[in-house]
$ cat data33.csv   # CSV, C-alpha atoms
chain,number,residue,atom,x,y,z
U,1058,MET,CA,61.4,225.3,-99.6
U,1059,PRO,CA,60.4,228.5,-101.5
U,1060,LEU,CA,63.3,230.4,-103.1
U,1061,ALA,CA,62.7,233.5,-101.0
U,1062,LYS,CA,62.8,231.5,-97.8
U,1063,GLN,CA,66.0,229.8,-98.9
U,1064,ALA,CA,67.6,233.2,-99.7
U,1065,ARG,CA,66.6,234.5,-96.2
U,1066,SER,CA,68.0,231.4,-94.6
U,1067,ALA,CA,71.3,231.7,-96.5
U,1068,GLN,CA,71.4,235.4,-95.5
U,1069,LEU,CA,70.8,234.6,-91.8
U,1070,ILE,CA,73.5,231.9,-91.9
U,1071,SER,CA,76.0,234.4,-93.5
U,1072,LEU,CA,75.2,237.1,-90.9
U,1073,SER,CA,75.5,234.6,-88.1
U,1074,LEU,CA,78.9,233.4,-89.4
U,1075,LEU,CA,80.1,237.0,-89.7
U,1076,PHE,CA,78.9,237.7,-86.2
U,1077,ILE,CA,80.8,234.6,-84.9
U,1078,LEU,CA,84.0,235.6,-86.7
U,1079,LEU,CA,83.7,239.1,-85.4
U,1080,LEU,CA,83.2,237.8,-81.9
U,1081,ALA,CA,86.2,235.4,-82.2
U,1082,PHE,CA,88.4,238.3,-83.4
U,1083,ILE,CA,87.3,240.7,-80.6
U,1084,ILE,CA,87.8,238.0,-77.9
U,1085,ARG,CA,91.3,237.2,-79.3
U,1086,ILE,CA,92.5,240.8,-79.7
U,1087,ILE,CA,91.5,242.0,-76.2
U,1088,ALA,CA,94.6,242.9,-74.2
U,1089,LEU,CA,96.8,241.2,-76.9
U,1090,GLY,CA,99.9,243.3,-76.3
U,1091,HIS,CA,99.5,243.9,-72.6
U,1092,GLU,CA,101.7,241.1,-71.4
U,1093,SER,CA,105.4,240.8,-72.2
U,1094,ILE,CA,106.7,238.3,-74.6
U,1095,TRP,CA,107.5,235.1,-72.8
U,1096,LEU,CA,110.4,232.7,-73.5
U,1097,ASP,CA,108.9,230.5,-76.3
U,1098,GLU,CA,107.4,233.6,-78.0
U,1099,ALA,CA,110.8,235.3,-77.8
U,1100,HIS,CA,112.4,232.3,-79.5
U,1101,SER,CA,109.8,232.5,-82.3
U,1102,VAL,CA,110.6,236.2,-82.8
U,1103,TRP,CA,114.3,235.5,-82.6
U,1104,VAL,CA,114.1,232.8,-85.3
U,1105,ALA,CA,111.8,235.0,-87.4
U,1106,HIS,CA,114.4,237.7,-87.5
U,1107,MET,CA,116.8,235.4,-89.3
U,1108,THR,CA,117.0,235.2,-93.1
U,1109,PRO,CA,114.7,232.5,-94.7
U,1110,VAL,CA,117.7,230.2,-95.3
U,1111,GLU,CA,118.9,230.6,-91.7
U,1112,ILE,CA,115.4,229.9,-90.5
U,1113,VAL,CA,115.2,226.6,-92.3
U,1114,ARG,CA,118.7,225.6,-91.1
U,1115,SER,CA,118.0,226.6,-87.5
U,1116,VAL,CA,114.8,224.6,-87.2
U,1117,ALA,CA,116.2,221.5,-89.0
U,1118,ASP,CA,117.0,219.9,-85.6
U,1119,ASP,CA,113.9,221.3,-84.0
U,1120,VAL,CA,110.5,219.6,-83.6
U,1121,HIS,CA,108.7,222.6,-85.2
U,1122,PRO,CA,108.5,222.8,-89.0
U,1123,PRO,CA,109.8,226.1,-90.5
U,1124,LEU,CA,106.5,227.3,-92.1
U,1125,TYR,CA,105.3,229.4,-89.1
U,1126,PHE,CA,108.7,231.0,-88.6
U,1127,LEU,CA,108.9,231.9,-92.3
U,1128,VAL,CA,105.4,233.4,-92.3
U,1129,LEU,CA,106.3,235.3,-89.1
U,1130,HIS,CA,109.5,236.5,-90.7
U,1131,TYR,CA,107.6,238.3,-93.5
U,1132,TRP,CA,104.8,239.3,-91.1
U,1133,ILE,CA,107.4,241.2,-88.9
U,1134,LEU,CA,108.7,243.0,-92.0
U,1135,ILE,CA,105.1,244.3,-92.6
U,1136,ALA,CA,103.7,244.7,-89.1
U,1137,GLY,CA,106.7,245.1,-86.9
U,1138,ASP,CA,107.9,243.0,-83.9
U,1139,SER,CA,105.9,244.5,-81.0
U,1140,GLU,CA,104.0,242.2,-78.6
U,1141,PHE,CA,100.8,243.1,-80.3
U,1142,ALA,CA,102.1,242.8,-83.9
U,1143,VAL,CA,103.7,239.4,-83.5
U,1144,ARG,CA,100.7,237.9,-81.7
U,1145,LEU,CA,98.2,239.4,-84.3
U,1146,LEU,CA,99.4,236.8,-86.8
U,1147,SER,CA,98.2,234.0,-84.5
U,1148,VAL,CA,94.9,235.8,-84.0
U,1149,ILE,CA,94.4,235.9,-87.8
U,1150,PHE,CA,95.2,232.2,-88.0
U,1151,GLY,CA,92.8,231.5,-85.1
U,1152,CYS,CA,89.9,233.4,-86.7
U,1153,LEU,CA,90.6,231.6,-90.0
U,1154,SER,CA,90.3,228.4,-88.0
U,1155,VAL,CA,86.9,229.4,-86.9
U,1156,ALA,CA,85.8,229.9,-90.5
U,1157,ALA,CA,87.5,226.6,-91.5
U,1158,ILE,CA,85.6,224.6,-88.9
U,1159,TYR,CA,82.4,226.1,-90.1
U,1160,LEU,CA,83.2,224.8,-93.6
U,1161,VAL,CA,84.0,221.3,-92.2
U,1162,GLY,CA,80.9,221.2,-90.1
U,1163,ALA,CA,78.7,222.4,-93.0
U,1164,ARG,CA,80.3,219.8,-95.4
U,1165,LEU,CA,79.9,216.9,-93.0
U,1166,PHE,CA,76.4,217.8,-91.7
U,1167,ASP,CA,74.7,221.1,-92.6
U,1168,ARG,CA,75.3,224.9,-92.3
U,1169,ALA,CA,73.6,225.1,-88.9
U,1170,THR,CA,75.9,222.5,-87.5
U,1171,GLY,CA,78.8,224.4,-89.1
U,1172,LEU,CA,77.7,227.5,-87.2
U,1173,VAL,CA,77.6,225.6,-83.9
U,1174,CYS,CA,81.1,224.3,-84.5
U,1175,ALA,CA,82.3,227.7,-85.3
U,1176,LEU,CA,80.7,229.2,-82.2
U,1177,PHE,CA,82.2,226.5,-80.0
U,1178,LEU,CA,85.7,227.0,-81.4
U,1179,ALA,CA,85.3,230.8,-81.2
U,1180,LEU,CA,84.6,230.5,-77.5
U,1181,THR,CA,87.0,227.6,-76.6
U,1182,ARG,CA,89.4,228.9,-74.0
U,1183,MET,CA,92.4,226.8,-75.1
U,1184,HIS,CA,92.0,228.0,-78.7
U,1185,ILE,CA,91.7,231.6,-77.6
U,1186,GLU,CA,94.9,231.3,-75.5
U,1187,PHE,CA,96.8,229.6,-78.3
U,1188,SER,CA,95.5,232.3,-80.8
U,1189,GLN,CA,97.1,234.9,-78.5
U,1190,GLU,CA,100.6,233.5,-78.5
U,1191,ALA,CA,103.3,234.1,-81.0
U,1192,ARG,CA,103.7,230.4,-81.6
U,1193,MET,CA,102.6,228.0,-84.3
U,1194,TYR,CA,99.6,226.4,-82.6
U,1195,SER,CA,96.8,228.4,-84.2
U,1196,LEU,CA,98.4,227.8,-87.6
U,1197,LEU,CA,98.5,224.1,-86.8
U,1198,VAL,CA,94.8,224.1,-86.0
U,1199,LEU,CA,94.1,226.0,-89.3
U,1200,LEU,CA,96.1,223.6,-91.4
U,1201,THR,CA,94.6,220.6,-89.8
U,1202,LEU,CA,91.1,221.8,-90.5
U,1203,LEU,CA,92.0,222.7,-94.1
U,1204,SER,CA,93.4,219.2,-94.5
U,1205,VAL,CA,90.2,217.7,-93.3
U,1206,LEU,CA,88.2,219.9,-95.5
U,1207,PHE,CA,90.2,219.1,-98.6
U,1208,PHE,CA,90.1,215.4,-97.7
U,1209,LEU,CA,86.3,215.5,-97.6
U,1210,LYS,CA,86.2,217.3,-101.0
U,1211,LEU,CA,88.5,214.5,-102.4
U,1212,LEU,CA,86.2,211.8,-101.0
U,1213,GLU,CA,83.2,213.5,-102.6
U,1214,SER,CA,84.8,214.0,-106.0
U,1215,ARG,CA,85.9,210.3,-106.0
U,1216,SER,CA,82.4,209.1,-105.1
U,1217,LYS,CA,80.9,211.1,-108.0
U,1218,ARG,CA,83.1,209.3,-110.5
$ encode --input "data33.csv" --output "C-alpha cells"
Amino acid sequence: MPLAKQARSAQLISLSLLFILLLAFIIRIIALGHESIWLDEAHSVWVAHMTPVEIVRSVADDVHPPLYFLVLHYWILIAGDSEFAVRLLSVIFGCLSVAAIYLVGARLFDRATGLVCALFLALTRMHIEFSQEARMYSLLVLLTLLSVLFFLKLLESRSKR
C-alpha cells in the first residue's frame, strides 16, 4: 500500500475513533444528574467521604475492593459530590473502556475490527447504564480490558524471544 494511502487510512481510523469516543461521552453524559442518587450510589458516596484508611477498613468485609472508593474519595475532593459530579467519574471510566476495547480489538485482529468493537461498546445499553452510576462497574470493565490488553502484549513479547 502506498505511503500516502496508509497515512490517509490511519487518519480516517483516528478520526473515526475520536468520533466514537465523543459519541460515547455524549450518550453517557445526557441527563447524568437529573435523577436522584439511589441507595447503592449513596453507599458509594458515603464510603468515599471517609478517610482512605477508613475506606480500606470499611470495605474489608465487603465484596467490593477499595480501589473505586479511594478514587471516588479524591474525585469528590476535586469535583464535588453532586449527582452529576459523582457519576461523571464512571462516565470517564466508561469512555476509557471504549478506547481500551478498540486497542484490544486492534491488537487481536486489525484497527477496523477495533473500531467496530469500540462502536458496539459505545452503544451497548448495559454499559451506558453502568457508566452512569456512581458504582465500580465501569472501572471493572476498564480494568478487565486493560488486563486483556497487557496479557496480549505479554504473549507477543514472549513469542518474540
$ atom_distance --input "data33.csv" --atom1 "CA of Leu1160 (chain U)" --atom2 "CA of Lys1217 (chain U)"
20.0 Å
$ atom_distance --input "data33.csv" --atom1 "CA of Leu1197 (chain U)" --atom2 "CA of Tyr1125 (chain U)"
8.9 Å
$ residues_near_point --input "data33.csv" --point "(110.8, 226.8, -91.6)" --cutoff "10 Å" --atoms "all atoms listed in the file" --output "PyMOL selection string"
chain U and resi 1104-1105+1109-1117+1119+1121-1130
$ residues_near_point --input "data33.csv" --point "(104.6, 239.1, -76.8)" --cutoff "8 Å" --atoms "all atoms listed in the file" --output "mmCIF file with C-alpha atoms, in the frame of the given file"
data_model
loop_
_atom_site.group_PDB
_atom_site.id
_atom_site.type_symbol
_atom_site.label_atom_id
_atom_site.label_comp_id
_atom_site.auth_asym_id
_atom_site.auth_seq_id
_atom_site.Cartn_x
_atom_site.Cartn_y
_atom_site.Cartn_z
ATOM 1 C CA GLY U 1090 99.900 243.300 -76.300
ATOM 2 C CA GLU U 1092 101.700 241.100 -71.400
ATOM 3 C CA SER U 1093 105.400 240.800 -72.200
ATOM 4 C CA ILE U 1094 106.700 238.300 -74.600
ATOM 5 C CA TRP U 1095 107.500 235.100 -72.800
ATOM 6 C CA GLU U 1098 107.400 233.600 -78.000
ATOM 7 C CA ALA U 1099 110.800 235.300 -77.800
ATOM 8 C CA SER U 1139 105.900 244.500 -81.000
ATOM 9 C CA GLU U 1140 104.000 242.200 -78.600
ATOM 10 C CA PHE U 1141 100.800 243.100 -80.300
ATOM 11 C CA VAL U 1143 103.700 239.400 -83.500
ATOM 12 C CA ARG U 1144 100.700 237.900 -81.700
ATOM 13 C CA GLU U 1190 100.600 233.500 -78.500
ATOM 14 C CA ALA U 1191 103.300 234.100 -81.000
#
$ residues_around --input "data33.csv" --residues "Leu1172 (chain U)" --least-positions-apart "6" --cutoff "8 Å" --atoms "all atoms listed in the file" --output "NGL selection string"
:U and (1070 or 1073-1074 or 1159 or 1162-1163)
$ closest_residue --input "data33.csv" --among "U:Leu1165, U:Phe1177, U:Thr1170, U:Leu1196" --to "Leu1209 (chain U)" --atoms "all atoms listed in the file"
U:Leu1165
